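Text of entry-v2.pdb (PDB, C-alpha atoms) as supplied:
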```pdb
ATOM      1  CA  MET A   1     128.276  93.740  50.123
ATOM      2  CA  ARG A   2     124.992  95.037  48.770
ATOM      3  CA  VAL A   3     121.945  93.930  50.727
ATOM      4  CA  PHE A   4     118.554  94.775  49.240
ATOM      5  CA  TYR A   5     115.319  95.415  51.108
ATOM      6  CA  SER A   6     111.685  96.286  50.397
ATOM      7  CA  ASP A   7     109.904  99.098  52.205
ATOM      8  CA  PRO A   8     107.257  97.786  54.623
ATOM      9  CA  PHE A   9     104.262  98.887  52.576
ATOM     10  CA  THR A  10     100.985  99.163  54.455
ATOM     11  CA  PHE A  11      98.381  96.591  53.487
ATOM     12  CA  PRO A  12      94.664  96.567  54.243
ATOM     13  CA  LEU A  13      95.013  93.169  55.924
ATOM     14  CA  PRO A  14      93.187  91.552  58.836
ATOM     15  CA  PRO A  15      95.453  90.701  61.793
ATOM     16  CA  GLU A  16      95.738  87.001  60.906
ATOM     17  CA  HIS A  17      97.365  87.920  57.587
ATOM     18  CA  ARG A  18      99.912  90.422  58.914
ATOM     19  CA  PHE A  19     102.470  88.085  60.442
ATOM     20  CA  PRO A  20     104.119  87.067  57.138
ATOM     21  CA  LEU A  21     105.102  90.714  56.486
ATOM     22  CA  GLU A  22     106.058  92.336  59.805
ATOM     23  CA  LYS A  23     109.223  90.236  60.055
ATOM     24  CA  TYR A  24     110.756  92.027  57.057
ATOM     25  CA  ARG A  25     110.549  95.435  58.717
ATOM     26  CA  LEU A  26     112.128  94.070  61.895
ATOM     27  CA  LEU A  27     114.912  92.399  59.918
ATOM     28  CA  ARG A  28     115.727  95.578  58.002
ATOM     29  CA  GLU A  29     115.881  97.551  61.245
ATOM     30  CA  ARG A  30     118.338  95.059  62.700
ATOM     31  CA  VAL A  31     120.624  95.027  59.675
ATOM     32  CA  ALA A  32     120.475  98.842  59.488
ATOM     33  CA  SER A  33     121.798  98.955  63.068
ATOM     34  CA  TRP A  34     124.933  96.953  62.239
ATOM     35  CA  PRO A  35     128.216  98.898  62.446
ATOM     36  CA  ALA A  36     129.699 100.270  59.242
ATOM     37  CA  SER A  37     132.605  97.846  59.613
ATOM     38  CA  THR A  38     130.381  95.010  58.376
ATOM     39  CA  GLY A  39     130.574  96.575  54.907
ATOM     40  CA  VAL A  40     126.831  96.281  54.245
ATOM     41  CA  GLU A  41     125.283  98.685  51.757
ATOM     42  CA  LEU A  42     121.493  98.672  52.168
ATOM     43  CA  VAL A  43     119.699  99.300  48.883
ATOM     44  CA  LEU A  44     115.963  99.720  48.249
ATOM     45  CA  ALA A  45     114.638  96.994  45.976
ATOM     46  CA  PRO A  46     113.343  98.161  42.590
ATOM     47  CA  ARG A  47     110.125  96.933  41.037
ATOM     48  CA  ALA A  48     110.373  93.965  38.721
ATOM     49  CA  LEU A  49     109.534  94.895  35.147
ATOM     50  CA  ARG A  50     106.752  93.206  33.238
ATOM     51  CA  GLU A  51     109.220  91.783  30.725
ATOM     52  CA  GLU A  52     111.196  90.222  33.590
ATOM     53  CA  LEU A  53     108.102  88.570  35.041
ATOM     54  CA  LEU A  54     107.270  87.165  31.616
ATOM     55  CA  LEU A  55     110.559  85.262  31.602
ATOM     56  CA  VAL A  56     108.853  82.688  33.858
ATOM     57  CA  HIS A  57     105.166  83.638  34.126
ATOM     58  CA  THR A  58     102.379  83.591  31.577
ATOM     59  CA  GLU A  59     101.138  86.874  30.186
ATOM     60  CA  GLU A  60      97.589  86.000  31.206
ATOM     61  CA  TYR A  61      98.567  85.539  34.861
ATOM     62  CA  VAL A  62     100.712  88.685  35.052
ATOM     63  CA  ASN A  63      97.995  90.808  33.452
ATOM     64  CA  ALA A  64      95.221  89.383  35.609
ATOM     65  CA  PHE A  65      97.077  89.803  38.898
ATOM     66  CA  CYS A  66      98.396  93.294  38.223
ATOM     67  CA  GLY A  67      95.000  94.388  36.933
ATOM     68  CA  GLY A  68      93.063  92.985  39.884
ATOM     69  CA  GLU A  69      91.226  90.493  37.689
ATOM     70  CA  LEU A  70      92.109  87.190  39.353
ATOM     71  CA  ASP A  71      89.074  85.341  40.643
ATOM     72  CA  GLU A  72      88.355  84.712  44.312
ATOM     73  CA  LEU A  73      89.740  81.167  44.252
ATOM     74  CA  ALA A  74      93.054  82.317  42.739
ATOM     75  CA  MET A  75      93.453  85.005  45.400
ATOM     76  CA  ARG A  76      92.482  82.593  48.161
ATOM     77  CA  ARG A  77      95.235  80.283  46.917
ATOM     78  CA  ILE A  78      97.733  83.144  47.206
ATOM     79  CA  GLY A  79      96.520  83.913  50.725
ATOM     80  CA  PHE A  80      96.144  87.702  50.557
ATOM     81  CA  PRO A  81      93.208  89.826  49.403
ATOM     82  CA  TRP A  82      94.026  91.782  46.249
ATOM     83  CA  SER A  83      94.944  95.454  46.554
ATOM     84  CA  PRO A  84      97.147  97.926  44.660
ATOM     85  CA  GLU A  85      99.527  97.776  47.630
ATOM     86  CA  LEU A  86      99.849  94.017  47.212
ATOM     87  CA  VAL A  87     100.794  94.526  43.565
ATOM     88  CA  GLU A  88     103.466  97.039  44.609
ATOM     89  CA  ARG A  89     104.833  94.718  47.283
ATOM     90  CA  SER A  90     104.861  91.747  44.905
ATOM     91  CA  LEU A  91     106.733  93.633  42.193
ATOM     92  CA  ARG A  92     109.372  94.763  44.681
ATOM     93  CA  SER A  93     109.544  91.330  46.312
ATOM     94  CA  CYS A  94     110.577  89.912  42.953
ATOM     95  CA  GLY A  95     112.601  92.980  41.985
ATOM     96  CA  GLY A  96     114.807  92.706  45.062
ATOM     97  CA  THR A  97     116.015  89.262  44.062
ATOM     98  CA  LEU A  98     116.568  90.408  40.473
ATOM     99  CA  ALA A  99     118.659  93.329  41.718
ATOM    100  CA  ALA A 100     120.625  91.078  44.075
ATOM    101  CA  ALA A 101     121.324  88.668  41.210
ATOM    102  CA  ARG A 102     122.701  91.479  39.062
ATOM    103  CA  ALA A 103     124.815  92.673  41.976
ATOM    104  CA  ALA A 104     126.195  89.163  42.500
ATOM    105  CA  LEU A 105     127.145  88.939  38.825
ATOM    106  CA  ARG A 106     129.329  92.006  39.400
ATOM    107  CA  ASP A 107     130.490  91.478  42.980
ATOM    108  CA  GLY A 108     130.280  87.722  43.559
ATOM    109  CA  ALA A 109     127.609  87.824  46.265
ATOM    110  CA  ALA A 110     124.520  89.728  47.404
ATOM    111  CA  ALA A 111     121.535  89.218  49.685
ATOM    112  CA  TYR A 112     117.904  90.237  49.834
ATOM    113  CA  LEU A 113     115.994  90.742  53.084
ATOM    114  CA  ALA A 114     112.852  89.117  51.662
ATOM    115  CA  GLY A 115     112.103  86.931  48.624
ATOM    116  CA  GLY A 116     111.964  83.189  48.298
ATOM    117  CA  THR A 117     108.462  83.113  46.806
ATOM    118  CA  HIS A 118     108.883  79.556  45.621
ATOM    119  CA  HIS A 119     105.250  78.388  45.486
ATOM    120  CA  ALA A 120     104.388  80.641  42.542
ATOM    121  CA  ARG A 121     104.074  78.738  39.274
ATOM    122  CA  ALA A 122     104.042  80.037  35.735
ATOM    123  CA  ASP A 123     100.294  80.592  35.692
ATOM    124  CA  ARG A 124      99.326  81.067  39.351
ATOM    125  CA  GLY A 125     100.422  82.038  42.827
ATOM    126  CA  ALA A 126     100.064  80.148  46.113
ATOM    127  CA  GLY A 127     101.142  80.149  49.742
ATOM    128  CA  TYR A 128     101.817  83.904  50.073
ATOM    129  CA  CYS A 129     103.805  83.776  46.814
ATOM    130  CA  VAL A 130     102.713  85.859  43.810
ATOM    131  CA  PHE A 131     105.720  85.897  41.468
ATOM    132  CA  ASN A 132     108.597  83.401  41.618
ATOM    133  CA  ASP A 133     111.581  85.648  42.313
ATOM    134  CA  CYS A 134     114.399  83.094  42.155
ATOM    135  CA  ALA A 135     113.037  81.628  38.922
ATOM    136  CA  ALA A 136     112.895  85.043  37.261
ATOM    137  CA  ALA A 137     116.350  85.927  38.600
ATOM    138  CA  ALA A 138     117.776  82.661  37.254
ATOM    139  CA  ARG A 139     116.594  83.642  33.778
ATOM    140  CA  VAL A 140     118.070  87.123  34.209
ATOM    141  CA  VAL A 141     121.553  85.856  35.091
ATOM    142  CA  GLN A 142     121.401  83.438  32.176
ATOM    143  CA  ARG A 143     120.379  86.198  29.784
ATOM    144  CA  GLU A 144     122.602  88.999  31.096
ATOM    145  CA  GLY A 145     125.532  87.110  32.560
ATOM    146  CA  GLY A 146     126.021  84.322  30.065
ATOM    147  CA  ILE A 147     125.405  81.790  32.833
ATOM    148  CA  GLU A 148     124.661  78.312  31.516
ATOM    149  CA  ARG A 149     124.017  76.371  34.747
ATOM    150  CA  VAL A 150     122.132  77.691  37.779
ATOM    151  CA  LEU A 151     121.575  75.850  41.056
ATOM    152  CA  ILE A 152     118.664  76.782  43.331
ATOM    153  CA  VAL A 153     119.180  75.419  46.849
ATOM    154  CA  ASP A 154     115.845  75.586  48.651
ATOM    155  CA  THR A 155     116.056  74.905  52.397
ATOM    156  CA  ASP A 156     112.660  76.330  53.315
ATOM    157  CA  VAL A 157     110.604  73.801  55.299
ATOM    158  CA  HIS A 158     108.078  73.706  52.442
ATOM    159  CA  GLN A 159     108.957  72.154  49.106
ATOM    160  CA  GLY A 160     109.801  74.614  46.338
ATOM    161  CA  ASP A 161     107.052  73.218  44.149
ATOM    162  CA  GLY A 162     106.555  76.292  41.982
ATOM    163  CA  THR A 163     110.237  76.528  41.128
ATOM    164  CA  ALA A 164     110.394  72.817  40.363
ATOM    165  CA  ALA A 165     107.359  73.071  38.076
ATOM    166  CA  ILE A 166     108.715  76.098  36.195
ATOM    167  CA  PHE A 167     112.022  74.384  35.430
ATOM    168  CA  ALA A 168     110.758  70.851  34.868
ATOM    169  CA  GLY A 169     112.692  69.345  31.968
ATOM    170  CA  ASP A 170     115.132  72.291  31.842
ATOM    171  CA  ASP A 171     118.697  71.092  32.333
ATOM    172  CA  SER A 172     120.068  74.633  32.657
ATOM    173  CA  VAL A 173     118.487  75.183  36.110
ATOM    174  CA  PHE A 174     118.893  72.525  38.801
ATOM    175  CA  THR A 175     116.317  72.590  41.596
ATOM    176  CA  PHE A 176     117.273  71.080  44.971
ATOM    177  CA  SER A 177     114.677  71.164  47.751
ATOM    178  CA  ILE A 178     115.199  69.812  51.267
ATOM    179  CA  HIS A 179     111.945  70.091  53.207
ATOM    180  CA  GLY A 180     109.466  68.498  55.591
ATOM    181  CA  ALA A 181     107.697  65.566  53.989
ATOM    182  CA  GLN A 182     104.369  66.164  55.764
ATOM    183  CA  ASN A 183     103.895  69.812  54.979
ATOM    184  CA  PHE A 184     102.496  72.252  52.423
ATOM    185  CA  PRO A 185     101.984  71.770  49.540
ATOM    186  CA  ALA A 186      99.919  68.610  49.835
ATOM    187  CA  GLU A 187     100.722  67.705  46.244
ATOM    188  CA  LYS A 188     104.456  68.039  45.675
ATOM    189  CA  ALA A 189     106.126  68.797  42.366
ATOM    190  CA  VAL A 190     109.256  66.906  41.274
ATOM    191  CA  SER A 191     112.502  68.810  41.765
ATOM    192  CA  ASP A 192     115.751  67.660  40.178
ATOM    193  CA  LEU A 193     116.621  66.549  43.709
ATOM    194  CA  ASP A 194     114.126  66.297  46.573
ATOM    195  CA  VAL A 195     115.076  65.393  50.132
ATOM    196  CA  ALA A 196     111.886  64.976  52.157
ATOM    197  CA  LEU A 197     112.490  64.725  55.907
ATOM    198  CA  PRO A 198     110.228  63.178  58.560
ATOM    199  CA  THR A 199     108.397  65.322  61.076
ATOM    200  CA  GLY A 200     110.561  66.273  64.047
ATOM    201  CA  THR A 201     113.913  66.001  62.268
ATOM    202  CA  GLY A 202     116.552  67.852  64.313
ATOM    203  CA  ASP A 203     119.943  69.417  63.688
ATOM    204  CA  ASP A 204     122.175  66.368  63.307
ATOM    205  CA  ASP A 205     119.990  64.374  60.937
ATOM    206  CA  TYR A 206     119.114  67.482  58.958
ATOM    207  CA  LEU A 207     122.715  68.563  58.463
ATOM    208  CA  ARG A 208     123.732  65.058  57.404
ATOM    209  CA  ALA A 209     120.953  64.981  54.831
ATOM    210  CA  LEU A 210     121.800  68.488  53.606
ATOM    211  CA  THR A 211     125.490  67.659  53.265
ATOM    212  CA  ALA A 212     124.726  64.599  51.157
ATOM    213  CA  GLY A 213     122.076  66.346  49.051
ATOM    214  CA  LEU A 214     124.145  69.451  48.448
ATOM    215  CA  GLY A 215     127.124  67.362  47.406
ATOM    216  CA  GLU A 216     124.972  65.494  44.902
ATOM    217  CA  ALA A 217     123.416  68.703  43.568
ATOM    218  CA  LEU A 218     126.801  70.359  43.077
ATOM    219  CA  GLU A 219     128.201  67.304  41.338
ATOM    220  CA  ARG A 220     125.227  66.920  39.013
ATOM    221  CA  CYS A 221     124.775  70.603  38.239
ATOM    222  CA  ARG A 222     128.330  72.022  38.296
ATOM    223  CA  PRO A 223     126.736  75.452  38.827
ATOM    224  CA  GLN A 224     128.011  78.785  37.633
ATOM    225  CA  PHE A 225     125.542  80.666  39.839
ATOM    226  CA  VAL A 226     123.708  79.679  43.038
ATOM    227  CA  PHE A 227     120.577  80.911  44.784
ATOM    228  CA  LEU A 228     120.167  79.995  48.459
ATOM    229  CA  LEU A 229     116.544  80.200  49.518
ATOM    230  CA  SER A 230     117.162  79.801  53.225
ATOM    231  CA  GLY A 231     113.916  79.842  55.213
ATOM    232  CA  ALA A 232     113.488  80.352  58.941
ATOM    233  CA  ASP A 233     110.619  77.879  59.091
ATOM    234  CA  PRO A 234     112.603  74.675  59.765
ATOM    235  CA  PHE A 235     113.023  76.198  63.257
ATOM    236  CA  ALA A 236     111.457  74.156  66.048
ATOM    237  CA  GLY A 237     109.275  77.083  67.119
ATOM    238  CA  ASP A 238     107.750  77.775  63.723
ATOM    239  CA  ARG A 239     103.958  77.617  63.590
ATOM    240  CA  LEU A 240     103.865  76.350  59.977
ATOM    241  CA  GLY A 241     106.863  74.024  60.119
ATOM    242  CA  THR A 242     107.271  70.340  60.908
ATOM    243  CA  LEU A 243     111.015  70.166  61.575
ATOM    244  CA  ALA A 244     112.842  70.819  64.841
ATOM    245  CA  LEU A 245     116.065  72.656  64.079
ATOM    246  CA  THR A 246     117.673  75.015  66.578
ATOM    247  CA  LYS A 247     118.962  78.461  65.695
ATOM    248  CA  ASP A 248     122.499  77.106  65.807
ATOM    249  CA  GLY A 249     121.563  74.267  63.470
ATOM    250  CA  LEU A 250     120.057  76.721  60.999
ATOM    251  CA  ALA A 251     123.166  78.891  61.145
ATOM    252  CA  GLN A 252     125.259  75.798  60.368
ATOM    253  CA  ARG A 253     122.936  75.095  57.432
ATOM    254  CA  ASP A 254     123.567  78.536  55.943
ATOM    255  CA  ARG A 255     127.335  78.326  56.414
ATOM    256  CA  LEU A 256     127.427  74.861  54.878
ATOM    257  CA  VAL A 257     125.769  76.029  51.655
ATOM    258  CA  LEU A 258     127.640  79.332  51.426
ATOM    259  CA  ASP A 259     131.012  77.717  52.201
ATOM    260  CA  ALA A 260     130.428  75.311  49.331
ATOM    261  CA  THR A 261     129.644  78.077  46.853
ATOM    262  CA  ARG A 262     132.510  80.280  47.984
ATOM    263  CA  GLY A 263     134.904  77.353  47.787
ATOM    264  CA  ARG A 264     134.021  76.945  44.135
ATOM    265  CA  GLY A 265     134.204  80.640  43.347
ATOM    266  CA  VAL A 266     130.550  80.661  42.314
ATOM    267  CA  PRO A 267     128.455  83.863  42.627
ATOM    268  CA  ALA A 268     125.629  83.454  45.119
ATOM    269  CA  VAL A 269     122.445  85.261  46.108
ATOM    270  CA  THR A 270     120.792  84.646  49.464
ATOM    271  CA  VAL A 271     117.063  85.249  49.998
ATOM    272  CA  MET A 272     115.098  84.731  53.176
ATOM    273  CA  GLY A 273     112.244  82.323  52.361
ATOM    274  CA  GLY A 274     109.456  81.546  54.832
ATOM    275  CA  GLY A 275     109.380  82.079  58.566
ATOM    276  CA  TYR A 276     106.336  82.067  60.847
ATOM    277  CA  GLY A 277     107.657  81.744  64.370
ATOM    278  CA  ARG A 278     105.271  81.650  67.286
ATOM    279  CA  VAL A 279     107.565  84.371  68.608
ATOM    280  CA  ILE A 280     108.338  86.706  65.721
ATOM    281  CA  GLU A 281     111.737  87.619  67.155
ATOM    282  CA  ASP A 282     112.810  83.981  66.715
ATOM    283  CA  THR A 283     112.145  84.239  62.984
ATOM    284  CA  VAL A 284     114.039  87.520  62.793
ATOM    285  CA  ASP A 285     116.950  85.975  64.736
ATOM    286  CA  VAL A 286     117.219  83.187  62.152
ATOM    287  CA  TYR A 287     116.972  85.618  59.241
ATOM    288  CA  GLU A 288     119.604  87.900  60.742
ATOM    289  CA  ALA A 289     122.022  84.991  61.168
ATOM    290  CA  THR A 290     121.455  84.082  57.523
ATOM    291  CA  VAL A 291     122.318  87.616  56.404
ATOM    292  CA  ARG A 292     125.422  87.616  58.606
ATOM    293  CA  ALA A 293     126.561  84.365  57.038
ATOM    294  CA  ALA A 294     125.971  85.763  53.541
ATOM    295  CA  VAL A 295     127.900  88.945  54.320
ATOM    296  CA  THR A 296     130.763  87.035  55.944
ATOM    297  CA  GLN A 297     131.044  84.572  53.081
ATOM    298  CA  GLY A 298     130.506  87.273  50.483
TER     299      GLY A 298
END
```
Using structure tokens, write down the structure from this file.
Amino acid sequence: MRVFYSDPFTFPLPPEHRFPLEKYRLLRERVASWPASTGVELVLAPRALREELLLVHTEEYVNAFCGGELDELAMRRIGFPWSPELVERSLRSCGGTLAAARAALRDGAAAYLAGGTHHARADRGAGYCVFNDCAAAARVVQREGGIERVLIVDTDVHQGDGTAAIFAGDDSVFTFSIHGAQNFPAEKAVSDLDVALPTGTGDDDYLRALTAGLGEALERCRPQFVFLLSGADPFAGDRLGTLALTKDGLAQRDRLVLDATRGRGVPAVTVMGGGYGRVIEDTVDVYEATVRAAVTQG
């Protein structure tokens, strides 16, 4: 199975801003060390093209970000200072999911060792998210693969508000978000299906809620293509999370979603979503288990 990655570009960032990015390098190194028998083909993510970004983002926003013309408030909302390196990283962050989606159209499944930038809306970024990769990739599979119904399953601890806002009123893309109720963003969007969980929710209650929500989403959407935005941040040791799942519970989460898509013969792309563990290796452990589940099910 093809697994896409982005090079760990160097950013002129202060230490407090580096932790969202270092995990991707560590994850790639782990997957690269897997034996050849796993059947993983690691592929460098391409840049997203301007025309692909414009499938879900406004021309004004794309031009302003890429040209370094966003104001200070807009960049503060994103969470990173602007730089040419950030533009490069953002284009590849989106491009990796686009490439994985095209691979899944051909092969039935693919994964990306980053992505899940679900807070980006049509006209702005937020929460370390510049361009909404799964939203753009949904439009690509509809345009290039003749897909009529796409399901985005978002299990990041934070609501996928940007994705929900982009597809509001669009019956061709069903947005399902299961997340912590008392967490970023403060003002939630309205997904097609939201499951907001109380602080401290653990494995058993979470998996029951996910099973019920996923069943409803599949029944209502009848998808022809699925994106799983997994997220390592429901983990109990995550510094930005409010849930209390164990690594085993998160692995069960991934298998539950991927079993359901495989059982229906639906192509699926898996992206990593957020993860901000107090111990970075915990985040990488969760991500690695997600990739293993994707490869096994793929």
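In terms of minimum interatomic distance to Ala48 in chain A, A:Asp133 ranks closest within A:Glu29, A:Asp107, A:Asp133, A:Glu69, counting only C-alpha atoms.
With all atoms listed in the file as the atoms that count, the residue of A:Leu105, A:Ala110, A:Ala126, A:Leu21 with the shortest distance to Thr296 in chain A is A:Ala110.
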request  = Can you pull out every residue within 7 Å of Val157 in chain A, counting all atoms listed in the file, but drop anything in the same chain fewer than 4 positions away, and send it as a PyMOL selection string?
outcome  = chain A and resi 179-180+231+233-234+241
Edge lengths and centre, in Å to one decimal, as AutoDock Vina command-line options: that's what I need for the box along x, y and z that holds all listed atoms of range 102-108 of chain A plus 6 Å on each side.
```
--center_x 126.6 --center_y 90.2 --center_z 41.2 --size_x 19.8 --size_y 17.0 --size_z 16.7
```
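Taking only C-alpha atoms into account, Gly96 in chain A lies nearest to A:Tyr112 out of the set A:Tyr206, A:Tyr112, A:Tyr287, A:Trp34.
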query = So what does the PyMOL selection byres ((chain A and resi 26) around 10) actually pick up in this one, as a PyMOL selection string?
reply = chain A and resi 8+21-25+27-32+280-281+283-285+288
For the residues in that selection, give me C-alpha atoms as a short mmCIF file (atom, residue, chain, number, x, y, z; two decimals), in the frame of the given file.
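Listing of result.cif after writing:
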```cif
data_model
loop_
_atom_site.label_atom_id
_atom_site.label_comp_id
_atom_site.auth_asym_id
_atom_site.auth_seq_id
_atom_site.Cartn_x
_atom_site.Cartn_y
_atom_site.Cartn_z
CA PRO A 8 107.26 97.79 54.62
CA LEU A 21 105.10 90.71 56.49
CA GLU A 22 106.06 92.34 59.80
CA LYS A 23 109.22 90.24 60.06
CA TYR A 24 110.76 92.03 57.06
CA ARG A 25 110.55 95.44 58.72
CA LEU A 27 114.91 92.40 59.92
CA ARG A 28 115.73 95.58 58.00
CA GLU A 29 115.88 97.55 61.24
CA ARG A 30 118.34 95.06 62.70
CA VAL A 31 120.62 95.03 59.68
CA ALA A 32 120.48 98.84 59.49
CA ILE A 280 108.34 86.71 65.72
CA GLU A 281 111.74 87.62 67.16
CA THR A 283 112.14 84.24 62.98
CA VAL A 284 114.04 87.52 62.79
CA ASP A 285 116.95 85.98 64.74
CA GLU A 288 119.60 87.90 60.74
#
```
Residue nearest Phe80 in chain A - candidates A:Ala104, A:Cys129, A:Cys221, A:Leu53, atoms counted: all atoms listed in the file = A:Cys129
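Separating CA of Asp192 in chain A from CA of Asp259 in chain A is a distance of 21.9 Å.
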